[in-house]
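> For reference, the file coords-v9.pdb (PDB, C-alpha atoms) is included below:
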```pdb
ATOM      1  CA  MET Z 265      68.181 119.367  60.364
ATOM      2  CA  THR Z 266      71.742 119.157  59.227
ATOM      3  CA  GLY Z 267      72.227 115.385  59.743
ATOM      4  CA  PHE Z 268      74.827 113.449  61.642
ATOM      5  CA  ARG Z 269      78.441 114.229  60.763
ATOM      6  CA  PHE Z 270      81.553 112.262  61.703
ATOM      7  CA  THR Z 271      84.043 114.960  60.799
ATOM      8  CA  VAL Z 272      84.092 118.724  61.170
ATOM      9  CA  ALA Z 273      86.787 120.995  59.755
ATOM     10  CA  GLY Z 274      89.413 118.287  59.444
ATOM     11  CA  ARG Z 275      88.806 116.727  62.835
ATOM     12  CA  LEU Z 276      86.251 114.340  64.321
ATOM     13  CA  ALA Z 277      82.879 115.620  65.401
ATOM     14  CA  TRP Z 278      82.325 115.463  69.146
ATOM     15  CA  PRO Z 279      79.040 113.469  69.185
ATOM     16  CA  PRO Z 280      80.493 110.208  67.800
ATOM     17  CA  VAL Z 281      83.533 110.506  70.075
ATOM     18  CA  VAL Z 282      81.331 111.043  73.129
ATOM     19  CA  LEU Z 283      79.014 108.193  72.112
ATOM     20  CA  VAL Z 284      81.888 105.730  71.696
ATOM     21  CA  ALA Z 285      83.396 106.777  75.033
ATOM     22  CA  PHE Z 286      79.996 106.540  76.699
ATOM     23  CA  HIS Z 287      79.418 102.986  75.487
ATOM     24  CA  CYS Z 288      82.894 101.844  76.473
ATOM     25  CA  LEU Z 289      82.494 103.343  79.933
ATOM     26  CA  PHE Z 290      79.062 101.813  80.200
ATOM     27  CA  VAL Z 291      80.478  98.325  79.596
ATOM     28  CA  VAL Z 292      83.084  98.815  82.333
ATOM     29  CA  LEU Z 293      80.554 100.261  84.784
ATOM     30  CA  PHE Z 294      78.125  97.445  84.111
ATOM     31  CA  ASP Z 295      80.893  94.910  84.729
ATOM     32  CA  TYR Z 296      81.664  96.627  88.044
ATOM     33  CA  ALA Z 297      77.995  96.719  89.048
ATOM     34  CA  TRP Z 298      77.570  93.053  88.115
ATOM     35  CA  ARG Z 299      80.411  92.112  90.458
ATOM     36  CA  THR Z 300      79.431  94.302  93.399
ATOM     37  CA  VAL Z 301      75.656  94.805  93.422
ATOM     38  CA  ASN Z 302      73.826  92.062  95.257
ATOM     39  CA  ALA Z 303      70.785  91.748  92.990
ATOM     40  CA  PRO Z 304      69.435  89.173  90.520
ATOM     41  CA  PHE Z 305      71.077  89.488  87.121
ATOM     42  CA  GLU Z 306      67.739  90.168  85.391
ATOM     43  CA  TRP Z 307      67.129  93.197  87.629
ATOM     44  CA  LEU Z 308      70.632  94.421  87.091
ATOM     45  CA  LEU Z 309      70.179  94.100  83.338
ATOM     46  CA  LEU Z 310      66.868  95.930  83.472
ATOM     47  CA  GLY Z 311      68.369  98.739  85.565
ATOM     48  CA  ALA Z 312      71.322  99.014  83.216
ATOM     49  CA  ALA Z 313      69.022  99.151  80.176
ATOM     50  CA  VAL Z 314      67.003 101.998  81.724
ATOM     51  CA  ALA Z 315      70.194 103.861  82.696
ATOM     52  CA  TRP Z 316      71.575 103.368  79.183
ATOM     53  CA  LEU Z 317      68.393 104.649  77.523
ATOM     54  CA  VAL Z 318      68.083 107.683  79.793
ATOM     55  CA  THR Z 319      71.746 108.661  79.468
ATOM     56  CA  LEU Z 320      71.731 108.136  75.721
ATOM     57  CA  GLY Z 321      68.578 110.227  75.413
ATOM     58  CA  LEU Z 322      70.093 113.018  77.481
ATOM     59  CA  LEU Z 323      73.258 112.978  75.387
ATOM     60  CA  LEU Z 324      71.292 113.153  72.132
ATOM     61  CA  VAL Z 325      69.201 116.051  73.450
ATOM     62  CA  LEU Z 326      72.389 117.790  74.545
ATOM     63  CA  PHE Z 327      73.998 117.348  71.124
ATOM     64  CA  ARG Z 328      70.900 118.713  69.426
ATOM     65  CA  ARG Z 329      70.737 121.784  71.650
ATOM     66  CA  ILE Z 330      74.408 122.553  71.105
ATOM     67  CA  ALA Z 331      73.924 122.174  67.357
ATOM     68  CA  GLN Z 332      70.872 124.450  67.457
ATOM     69  CA  LYS Z 333      72.754 127.124  69.402
ATOM     70  CA  ARG Z 334      75.618 127.004  66.937
ATOM     71  CA  THR Z 335      73.230 127.299  64.004
ATOM     72  CA  ALA Z 336      71.477 130.249  65.667
ATOM     73  CA  GLY Z 337      74.849 131.855  66.386
ATOM     74  CA  LEU Z 338      75.821 131.711  62.746
TER      75      LEU Z 338
ATOM     76  CA  MET Q 205      96.391 134.254  58.036
ATOM     77  CA  SER Q 206      97.152 134.327  61.703
ATOM     78  CA  ASP Q 207      93.534 133.471  62.554
ATOM     79  CA  GLU Q 208      93.582 130.552  60.142
ATOM     80  CA  LEU Q 209      96.796 129.224  61.667
ATOM     81  CA  LYS Q 210      95.294 129.510  65.122
ATOM     82  CA  ARG Q 211      92.163 127.686  63.981
ATOM     83  CA  ASN Q 212      94.255 124.917  62.399
ATOM     84  CA  ALA Q 213      96.264 124.509  65.586
ATOM     85  CA  THR Q 214      93.067 124.330  67.647
ATOM     86  CA  ASP Q 215      91.593 121.728  65.315
ATOM     87  CA  TRP Q 216      94.752 119.635  65.538
ATOM     88  CA  ALA Q 217      94.762 119.850  69.325
ATOM     89  CA  THR Q 218      91.103 118.864  69.409
ATOM     90  CA  LEU Q 219      91.741 115.943  67.067
ATOM     91  CA  ILE Q 220      94.568 114.706  69.276
ATOM     92  CA  TRP Q 221      92.312 114.919  72.328
ATOM     93  CA  GLN Q 222      89.624 113.009  70.492
ATOM     94  CA  ILE Q 223      92.054 110.282  69.464
ATOM     95  CA  VAL Q 224      93.279 109.998  73.059
ATOM     96  CA  ILE Q 225      89.696 109.696  74.322
ATOM     97  CA  LEU Q 226      88.826 107.062  71.712
ATOM     98  CA  ALA Q 227      92.012 105.081  72.341
ATOM     99  CA  GLY Q 228      91.401 105.157  76.097
ATOM    100  CA  SER Q 229      87.810 104.026  75.659
ATOM    101  CA  VAL Q 230      88.742 101.166  73.365
ATOM    102  CA  THR Q 231      91.522 100.138  75.760
ATOM    103  CA  LEU Q 232      88.968  99.868  78.571
ATOM    104  CA  VAL Q 233      86.837  97.503  76.492
ATOM    105  CA  VAL Q 234      89.823  95.437  75.326
ATOM    106  CA  LEU Q 235      91.013  95.027  78.931
ATOM    107  CA  PHE Q 236      87.497  94.006  79.932
ATOM    108  CA  ALA Q 237      87.222  91.449  77.124
ATOM    109  CA  ARG Q 238      90.678  89.982  77.735
ATOM    110  CA  SER Q 239      90.052  89.565  81.460
ATOM    111  CA  PHE Q 240      86.504  88.230  81.319
ATOM    112  CA  PRO Q 241      85.114  86.372  83.270
ATOM    113  CA  TYR Q 242      87.587  87.763  85.802
ATOM    114  CA  PRO Q 243      87.640  91.462  86.688
ATOM    115  CA  SER Q 244      89.556  93.771  84.385
ATOM    116  CA  PRO Q 245      92.558  95.699  85.732
ATOM    117  CA  THR Q 246      90.428  98.850  85.494
ATOM    118  CA  ILE Q 247      88.012  97.829  88.244
ATOM    119  CA  GLN Q 248      90.267  95.513  90.250
ATOM    120  CA  PRO Q 249      91.431  98.229  92.682
ATOM    121  CA  LEU Q 250      87.779  99.010  93.465
ATOM    122  CA  LEU Q 251      86.859  95.450  94.424
ATOM    123  CA  ASP Q 252      87.155  93.506  97.668
ATOM    124  CA  PRO Q 253      90.137  91.111  97.707
ATOM    125  CA  GLN Q 254      87.900  88.063  97.290
ATOM    126  CA  LYS Q 255      86.335  89.522  94.162
ATOM    127  CA  ARG Q 256      89.568  91.060  92.935
ATOM    128  CA  TRP Q 257      91.375  87.723  92.998
ATOM    129  CA  PRO Q 258      88.823  84.914  92.478
ATOM    130  CA  VAL Q 259      90.186  81.603  93.709
ATOM    131  CA  GLU Q 260      89.895  79.980  90.256
ATOM    132  CA  LYS Q 261      92.000  82.752  88.761
ATOM    133  CA  ILE Q 262      94.644  82.534  91.463
ATOM    134  CA  LYS Q 263      94.845  78.749  91.042
ATOM    135  CA  ARG Q 264      95.177  79.098  87.288
ATOM    136  CA  ASP Q 265      97.798  81.834  87.608
ATOM    137  CA  TRP Q 266      99.627  79.742  90.185
ATOM    138  CA  GLU Q 267      99.782  76.752  87.839
ATOM    139  CA  GLU Q 268     101.095  79.030  85.120
ATOM    140  CA  GLY Q 269     103.663  80.470  87.531
ATOM    141  CA  ASN Q 270     102.156  83.899  87.082
ATOM    142  CA  VAL Q 271     100.702  84.954  90.430
ATOM    143  CA  PRO Q 272      99.803  88.666  90.380
ATOM    144  CA  ALA Q 273     102.233  90.758  92.413
ATOM    145  CA  GLY Q 274      99.382  92.613  94.050
ATOM    146  CA  PHE Q 275      97.945  89.358  95.325
ATOM    147  CA  LEU Q 276     101.280  88.254  96.809
ATOM    148  CA  ASP Q 277     101.606  91.571  98.646
ATOM    149  CA  TYR Q 278      98.113  91.152  99.995
ATOM    150  CA  PHE Q 279      98.686  87.497 100.862
ATOM    151  CA  LEU Q 280     101.903  88.146 102.776
ATOM    152  CA  ARG Q 281     100.423  90.912 104.931
ATOM    153  CA  ASP Q 282     101.087  90.643 108.636
ATOM    154  CA  PRO Q 283      98.848  92.997 110.619
ATOM    155  CA  GLU Q 284      99.245  93.667 114.326
ATOM    156  CA  ARG Q 285      96.742  91.976 116.628
ATOM    157  CA  THR Q 286      95.345  92.919 120.022
ATOM    158  CA  VAL Q 287      95.923  89.875 122.183
ATOM    159  CA  PRO Q 288      93.271  89.578 124.922
ATOM    160  CA  ALA Q 289      94.497  89.478 128.504
ATOM    161  CA  GLY Q 290      93.322  86.822 130.949
ATOM    162  CA  ASN Q 291      93.431  83.134 131.514
ATOM    163  CA  ASN Q 292      92.511  81.968 128.034
ATOM    164  CA  ILE Q 293      93.632  80.385 124.791
ATOM    165  CA  VAL Q 294      93.503  82.325 121.518
ATOM    166  CA  ALA Q 295      93.186  81.061 117.955
ATOM    167  CA  PRO Q 296      96.529  80.162 116.365
ATOM    168  CA  ALA Q 297      95.374  81.099 112.854
ATOM    169  CA  ASP Q 298      92.926  83.156 110.851
ATOM    170  CA  GLY Q 299      90.214  81.120 109.169
ATOM    171  CA  ILE Q 300      87.009  79.191 109.687
ATOM    172  CA  VAL Q 301      86.620  76.422 112.244
ATOM    173  CA  ARG Q 302      86.017  73.467 109.955
ATOM    174  CA  ALA Q 303      85.789  70.664 112.525
ATOM    175  CA  ILE Q 304      86.123  69.968 116.210
ATOM    176  CA  SER Q 305      86.873  66.331 116.936
ATOM    177  CA  SER Q 306      88.172  64.335 119.870
ATOM    178  CA  ASP Q 307      89.851  61.075 120.741
ATOM    179  CA  ALA Q 308      90.679  59.616 124.155
ATOM    180  CA  ASP Q 309      93.281  62.260 125.013
ATOM    181  CA  TRP Q 310      92.910  65.229 122.701
ATOM    182  CA  THR Q 311      90.514  67.699 121.220
ATOM    183  CA  TYR Q 312      91.411  68.734 117.647
ATOM    184  CA  LEU Q 313      90.354  72.120 116.403
ATOM    185  CA  ASP Q 314      90.601  72.256 112.615
ATOM    186  CA  ILE Q 315      90.951  75.820 111.268
ATOM    187  CA  ALA Q 316      90.754  76.156 107.487
ATOM    188  CA  LEU Q 317      92.564  79.123 105.965
ATOM    189  CA  THR Q 318      91.262  80.624 102.765
ATOM    190  CA  LEU Q 319      93.446  82.390 100.246
ATOM    191  CA  TRP Q 320      92.389  85.734 101.671
ATOM    192  CA  ASP Q 321      93.187  85.050 105.313
ATOM    193  CA  VAL Q 322      96.309  86.330 107.009
ATOM    194  CA  HIS Q 323      98.700  83.386 106.868
ATOM    195  CA  VAL Q 324     100.855  84.289 109.863
ATOM    196  CA  GLN Q 325     100.184  81.928 112.758
ATOM    197  CA  ARG Q 326     100.405  82.907 116.408
ATOM    198  CA  SER Q 327     101.012  81.115 119.654
ATOM    199  CA  PRO Q 328      97.659  80.212 121.243
ATOM    200  CA  LEU Q 329      99.021  80.886 124.723
ATOM    201  CA  ALA Q 330     102.216  81.450 126.666
ATOM    202  CA  GLY Q 331     104.514  78.517 127.171
ATOM    203  CA  ARG Q 332     107.791  76.795 126.367
ATOM    204  CA  VAL Q 333     108.444  75.032 123.090
ATOM    205  CA  LEU Q 334     109.117  71.335 123.768
ATOM    206  CA  SER Q 335     109.676  70.323 120.169
ATOM    207  CA  VAL Q 336     109.298  71.322 116.548
ATOM    208  CA  GLU Q 337     108.788  68.372 114.189
ATOM    209  CA  THR Q 338     108.198  67.968 110.486
ATOM    210  CA  LYS Q 339     105.747  65.188 109.655
ATOM    211  CA  GLY Q 340     103.758  63.875 106.732
ATOM    212  CA  ASP Q 341     105.002  62.950 103.318
ATOM    213  CA  THR Q 342     102.725  64.360 100.668
ATOM    214  CA  PHE Q 343     101.073  67.569  99.589
ATOM    215  CA  MET Q 344      97.295  67.335  99.655
ATOM    216  CA  ASN Q 345      94.632  69.684  98.483
ATOM    217  CA  GLY Q 346      93.697  70.768 101.994
ATOM    218  CA  GLU Q 347      90.243  69.224 101.909
ATOM    219  CA  PHE Q 348      91.163  66.171 103.927
ATOM    220  CA  LYS Q 349      88.807  64.746 106.532
ATOM    221  CA  ASN Q 350      88.581  62.145 109.294
ATOM    222  CA  MET Q 351      91.751  63.286 111.026
ATOM    223  CA  VAL Q 352      93.915  62.327 108.062
ATOM    224  CA  TYR Q 353      96.334  64.966 109.305
ATOM    225  CA  LEU Q 354      97.233  62.687 112.200
ATOM    226  CA  ARG Q 355      98.481  59.810 110.096
ATOM    227  CA  ASP Q 356     102.219  59.482 109.756
ATOM    228  CA  LYS Q 357     102.070  57.805 106.351
ATOM    229  CA  MET Q 358     100.458  59.484 103.351
ATOM    230  CA  ALA Q 359      99.680  62.461 105.531
ATOM    231  CA  PRO Q 360      99.961  66.063 104.416
ATOM    232  CA  VAL Q 361     103.275  67.718 105.160
ATOM    233  CA  GLN Q 362     103.057  69.539 108.446
ATOM    234  CA  LYS Q 363     105.091  71.239 111.143
ATOM    235  CA  VAL Q 364     104.063  70.224 114.634
ATOM    236  CA  LEU Q 365     104.838  72.671 117.416
ATOM    237  CA  THR Q 366     104.527  71.109 120.885
ATOM    238  CA  MET Q 367     104.348  73.468 123.873
ATOM    239  CA  GLU Q 368     104.302  73.096 127.627
ATOM    240  CA  THR Q 369     101.725  75.516 128.990
ATOM    241  CA  GLU Q 370      99.749  76.231 132.120
ATOM    242  CA  PHE Q 371      96.929  74.101 130.640
ATOM    243  CA  GLY Q 372      99.241  71.172 129.905
ATOM    244  CA  VAL Q 373     100.883  70.091 126.671
ATOM    245  CA  ILE Q 374      99.290  71.486 123.509
ATOM    246  CA  LYS Q 375     100.231  71.006 119.871
ATOM    247  CA  THR Q 376      99.795  73.352 116.925
ATOM    248  CA  ARG Q 377      99.992  71.719 113.507
ATOM    249  CA  LEU Q 378     100.695  73.898 110.475
ATOM    250  CA  ILE Q 379      99.658  71.913 107.411
ATOM    251  CA  THR Q 380     100.439  72.672 103.797
ATOM    252  CA  SER Q 381      98.470  72.043 100.646
ATOM    253  CA  ILE Q 382      99.362  71.439  97.029
ATOM    254  CA  MET Q 383      99.395  75.178  96.498
ATOM    255  CA  ALA Q 384     101.396  75.920  99.624
ATOM    256  CA  GLN Q 385     104.179  73.339  99.846
ATOM    257  CA  ARG Q 386     106.109  75.580 102.213
ATOM    258  CA  ILE Q 387     105.884  76.392 105.902
ATOM    259  CA  ARG Q 388     108.047  78.840 107.789
ATOM    260  CA  LEU Q 389     108.433  78.375 111.529
ATOM    261  CA  TRP Q 390     110.145  81.133 113.442
ATOM    262  CA  VAL Q 391     110.498  79.340 116.781
ATOM    263  CA  GLN Q 392     112.631  76.459 117.993
ATOM    264  CA  GLU Q 393     112.880  74.024 120.856
ATOM    265  CA  GLY Q 394     113.371  75.719 124.213
ATOM    266  CA  ASP Q 395     111.909  79.101 123.175
ATOM    267  CA  GLU Q 396     109.603  80.811 125.644
ATOM    268  CA  LEU Q 397     106.578  82.110 123.761
ATOM    269  CA  LYS Q 398     104.088  84.772 124.710
ATOM    270  CA  LYS Q 399     100.397  84.405 123.966
ATOM    271  CA  GLY Q 400      99.702  85.753 120.496
ATOM    272  CA  GLN Q 401     103.359  85.804 119.468
ATOM    273  CA  ARG Q 402     104.046  85.070 115.813
ATOM    274  CA  ILE Q 403     105.189  81.472 115.370
ATOM    275  CA  GLY Q 404     105.203  80.904 111.635
ATOM    276  CA  GLN Q 405     103.661  81.333 108.229
ATOM    277  CA  ILE Q 406     102.093  78.936 105.764
ATOM    278  CA  LEU Q 407     102.680  80.132 102.235
ATOM    279  CA  LEU Q 408      99.310  80.000 100.508
ATOM    280  CA  GLY Q 409      96.054  78.513 101.758
ATOM    281  CA  SER Q 410      95.894  75.515 104.040
ATOM    282  CA  THR Q 411      95.047  74.311 107.524
ATOM    283  CA  VAL Q 412      96.060  74.748 111.135
ATOM    284  CA  ILE Q 413      95.136  72.186 113.770
ATOM    285  CA  LEU Q 414      95.139  73.149 117.421
ATOM    286  CA  GLN Q 415      95.458  70.055 119.572
ATOM    287  CA  LEU Q 416      94.313  70.597 123.173
ATOM    288  CA  PRO Q 417      93.977  68.301 126.188
ATOM    289  CA  ARG Q 418      90.559  66.675 125.990
ATOM    290  CA  ASP Q 419      89.323  68.069 129.329
ATOM    291  CA  LEU Q 420      89.605  71.697 128.206
ATOM    292  CA  PRO Q 421      86.257  73.198 127.149
ATOM    293  CA  VAL Q 422      86.253  74.741 123.666
ATOM    294  CA  ALA Q 423      84.422  78.051 123.254
ATOM    295  CA  VAL Q 424      84.085  78.107 119.463
ATOM    296  CA  LYS Q 425      81.708  76.334 117.096
ATOM    297  CA  VAL Q 426      82.101  74.755 113.698
ATOM    298  CA  GLY Q 427      81.665  77.385 110.986
ATOM    299  CA  GLN Q 428      82.814  80.243 113.202
ATOM    300  CA  ARG Q 429      85.435  82.637 111.841
ATOM    301  CA  VAL Q 430      88.450  83.172 114.070
ATOM    302  CA  ALA Q 431      91.394  85.570 114.006
ATOM    303  CA  ALA Q 432      94.888  84.562 115.066
ATOM    304  CA  GLY Q 433      95.929  85.978 118.432
ATOM    305  CA  GLU Q 434      92.536  87.594 119.040
ATOM    306  CA  SER Q 435      89.643  85.098 119.006
ATOM    307  CA  LEU Q 436      89.159  83.150 122.209
ATOM    308  CA  ILE Q 437      89.280  79.389 121.800
ATOM    309  CA  MET Q 438      88.929  78.673 125.494
ATOM    310  CA  GLU Q 439      88.460  80.820 128.588
ATOM    311  CA  ALA Q 440      89.165  79.276 131.984
ATOM    312  CA  ASN Q 441      86.567  79.770 134.730
ATOM    313  CA  GLU Q 442      87.639  82.154 137.444
TER     314      GLU Q 442
END
```
Could you take the file, read its structure, and then write that structure out as structure tokens?

Amino acid sequence: MTGFRFTVAGRLAWPPVVLVAFHCLFVVLFDYAWRTVNAPFEWLLLGAAVAWLVTLGLLLVLFRRIAQKRTAGL
Amino acid sequence: MSDELKRNATDWATLIWQIVILAGSVTLVVLFARSFPYPSPTIQPLLDPQKRWPVEKIKRDWEEGNVPAGFLDYFLRDPERTVPAGNNIVAPADGIVRAISSDADWTYLDIALTLWDVHVQRSPLAGRVLSVETKGDTFMNGEFKNMVYLRDKMAPVQKVLTMETEFGVIKTRLITSIMAQRIRLWVQEGDELKKGQRIGQILLGSTVILQLPRDLPVAVKVGQRVAAGESLIMEANE
């Protein structure tokens, strides 16, 4: 376990950049869904929370695998 | 040395990409926050017109003299219509039939236009224009009732188009609202009109009243949506 790093070799690390972009996009997509999906707000919120958790989990797993591959490659 | 230079250049390029991605992401959120509770410019093109331009926002923008250009383009659209053949009368305006009322001589069909309706009015049937009058003396909010549109004093500003037709004399009243305050009429006394021909345009939402001889049966109901030049208001028996 190498820990979470914000910078790598004089530039930003990709995971924080991707996470920020993901959350910003998520806000916009949720706003769009709220205006177009004909469902009670509570259900929409629940669906969005599940989608957020699943996507975040997948991203974290992806970051970890990439990091592991790089470590193995070294 | 060459490899190190290449690596530095790659890192710089990556950093620039990352900054662009972060700036774009933050811009999306800032646009969202600045527009809320109305839709942000990012998602506006993906929404239906009614959701893209909520009426409260349009009213507010209108008061501030800042109506979005996209909305004006949409509002001033003038699509072609397929005018039905036959012995019938078509709706003079797009909108919802708000009321059907009668007095001793006339039946009044009140069509309410929303902000998202096409605002070009059409001749309900073929005939000759007998007169074009401007009546009324004030701008109202369009939610008038009890035939207030017929009063000469303290009535909303309106253009009254009177036509001689095969069904007798009919009148089409184009009525403005506070937001509209302007009516264009493209016909004048003596003109021969075809059914469905464009007769005028109310600028921004308001009302059109079709005034028919009382003995003509009306084929629409209150609450029904009608389209100018296409929806049948009355169909004569063969």
> Carefully work through the PyMOL selection byres ((chain Q and resi 316) around 9) for this structure and note down the residues it includes, as a list in words.
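Evaluating the PyMOL selection byres ((chain Q and resi 316) around 9) on this file yields Ala297, Asp298, Gly299, Ile300, Val301, Arg302, Ala303, Asp314, Ile315, Leu317, Thr318, Gly346, Glu347, Gly409, Ser410, Thr411, Val412 and Ile413 of chain Q.
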> Could you write out as a list of chain:residue names the residues that the ChimeraX specification (/Q :<9) & /Z matches in the shown file?
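That selection, the ChimeraX specification (/Q :<9) & /Z, comes back as Z:Ala273, Z:Gly274, Z:Arg275, Z:Leu276, Z:Ala277, Z:Trp278, Z:Val281, Z:Val282, Z:Val284, Z:Ala285, Z:Phe286, Z:His287, Z:Cys288, Z:Leu289, Z:Val291, Z:Val292, Z:Leu293, Z:Asp295, Z:Tyr296, Z:Arg299, Z:Thr300.
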> Quick one: distance from CA of Leu397 (chain Q) to CA of Thr369 (chain Q) in Å, one decimal?
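One can read the CA of Leu397 (chain Q) to CA of Thr369 (chain Q) distance as 9.7 Å.
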> Given the file above and the PyMOL selection byres ((chain Q and resi 399) around 7), which residues are selected, and can you give them as a list of chain:residue names?
Q:Ser327, Q:Pro328, Q:Leu329, Q:Ala330, Q:Leu397, Q:Lys398, Q:Gly400, Q:Gln401
> Using Å and a single decimal, report how far CA of Ala297 (chain Z) sits from CA of Leu324 (chain Z).
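The value is 24.5 Å.
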> Quick check, in Å to one decimal: how far apart do CA of Ala423 (chain Q) and CA of Ala295 (chain Q) lie?
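Between these atoms lies a distance of 10.7 Å.
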> Which neighbours of Gln254 (chain Q) fall inside 8 Å, counting all atoms listed in the file, when residues of the same chain fewer than 4 positions from it are skipped, and could you give them as a ChimeraX atom specification?
/Q:258-259,320
> Include C-alpha atoms and write out the residues we just selected as a PDB file, keeping the file's coordinate frame.

```pdb
ATOM      1  CA  PRO Q 258      88.823  84.914  92.478  1.00  0.00           C
ATOM      2  CA  VAL Q 259      90.186  81.603  93.709  1.00  0.00           C
ATOM      3  CA  TRP Q 320      92.389  85.734 101.671  1.00  0.00           C
TER       4      TRP Q 320
END
```
> Env of Ala312 (chain Z): 12 Å cut, atoms = only C-alpha atoms, seq-sep filter 2 positions within chain, self excluded. Answer as a list in words.
His287, Phe290, Val291, Val292, Leu293, Phe294, Asp295, Tyr296, Ala297, Trp298, Val301, Phe305, Glu306, Trp307, Leu308, Leu309, Leu310, Val314, Ala315, Trp316, Leu317, Val318, Thr319 and Leu320 of chain Z
> Take region 327-340 of chain Q, model N, CA and C atoms, and hand the result over as a PDB file, in the frame of the given file.

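Saved result, result_38.pdb, follows:
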```pdb
ATOM      1  N   SER Q 327     101.048  82.049 118.531  1.00  0.00           N
ATOM      2  CA  SER Q 327     101.012  81.115 119.654  1.00  0.00           C
ATOM      3  C   SER Q 327      99.666  81.239 120.367  1.00  0.00           C
ATOM      4  N   PRO Q 328      98.976  80.132 120.608  1.00  0.00           N
ATOM      5  CA  PRO Q 328      97.659  80.212 121.243  1.00  0.00           C
ATOM      6  C   PRO Q 328      97.708  80.607 122.709  1.00  0.00           C
ATOM      7  N   LEU Q 329      98.852  80.420 123.351  1.00  0.00           N
ATOM      8  CA  LEU Q 329      99.021  80.886 124.723  1.00  0.00           C
ATOM      9  C   LEU Q 329     100.501  80.873 125.067  1.00  0.00           C
ATOM     10  N   ALA Q 330     100.812  81.385 126.260  1.00  0.00           N
ATOM     11  CA  ALA Q 330     102.216  81.450 126.666  1.00  0.00           C
ATOM     12  C   ALA Q 330     102.704  80.059 127.047  1.00  0.00           C
ATOM     13  N   GLY Q 331     103.964  79.809 126.803  1.00  0.00           N
ATOM     14  CA  GLY Q 331     104.514  78.517 127.171  1.00  0.00           C
ATOM     15  C   GLY Q 331     105.894  78.303 126.581  1.00  0.00           C
ATOM     16  N   ARG Q 332     106.443  77.123 126.847  1.00  0.00           N
ATOM     17  CA  ARG Q 332     107.791  76.795 126.367  1.00  0.00           C
ATOM     18  C   ARG Q 332     107.682  75.760 125.255  1.00  0.00           C
ATOM     19  N   VAL Q 333     108.470  75.967 124.222  1.00  0.00           N
ATOM     20  CA  VAL Q 333     108.444  75.032 123.090  1.00  0.00           C
ATOM     21  C   VAL Q 333     109.194  73.762 123.474  1.00  0.00           C
ATOM     22  N   LEU Q 334     108.483  72.624 123.456  1.00  0.00           N
ATOM     23  CA  LEU Q 334     109.117  71.335 123.768  1.00  0.00           C
ATOM     24  C   LEU Q 334     109.772  70.738 122.533  1.00  0.00           C
ATOM     25  N   SER Q 335     109.091  70.878 121.395  1.00  0.00           N
ATOM     26  CA  SER Q 335     109.676  70.323 120.169  1.00  0.00           C
ATOM     27  C   SER Q 335     109.053  70.967 118.941  1.00  0.00           C
ATOM     28  N   VAL Q 336     109.801  70.910 117.865  1.00  0.00           N
ATOM     29  CA  VAL Q 336     109.298  71.322 116.548  1.00  0.00           C
ATOM     30  C   VAL Q 336     109.610  70.173 115.595  1.00  0.00           C
ATOM     31  N   GLU Q 337     108.570  69.536 115.051  1.00  0.00           N
ATOM     32  CA  GLU Q 337     108.788  68.372 114.189  1.00  0.00           C
ATOM     33  C   GLU Q 337     108.194  68.625 112.804  1.00  0.00           C
ATOM     34  N   THR Q 338     108.783  67.975 111.826  1.00  0.00           N
ATOM     35  CA  THR Q 338     108.198  67.968 110.486  1.00  0.00           C
ATOM     36  C   THR Q 338     107.648  66.582 110.229  1.00  0.00           C
ATOM     37  N   LYS Q 339     106.384  66.491 109.883  1.00  0.00           N
ATOM     38  CA  LYS Q 339     105.747  65.188 109.655  1.00  0.00           C
ATOM     39  C   LYS Q 339     105.018  65.192 108.314  1.00  0.00           C
ATOM     40  N   GLY Q 340     104.514  63.986 107.977  1.00  0.00           N
ATOM     41  CA  GLY Q 340     103.758  63.875 106.732  1.00  0.00           C
ATOM     42  C   GLY Q 340     104.675  63.725 105.546  1.00  0.00           C
TER      43      GLY Q 340
END
```
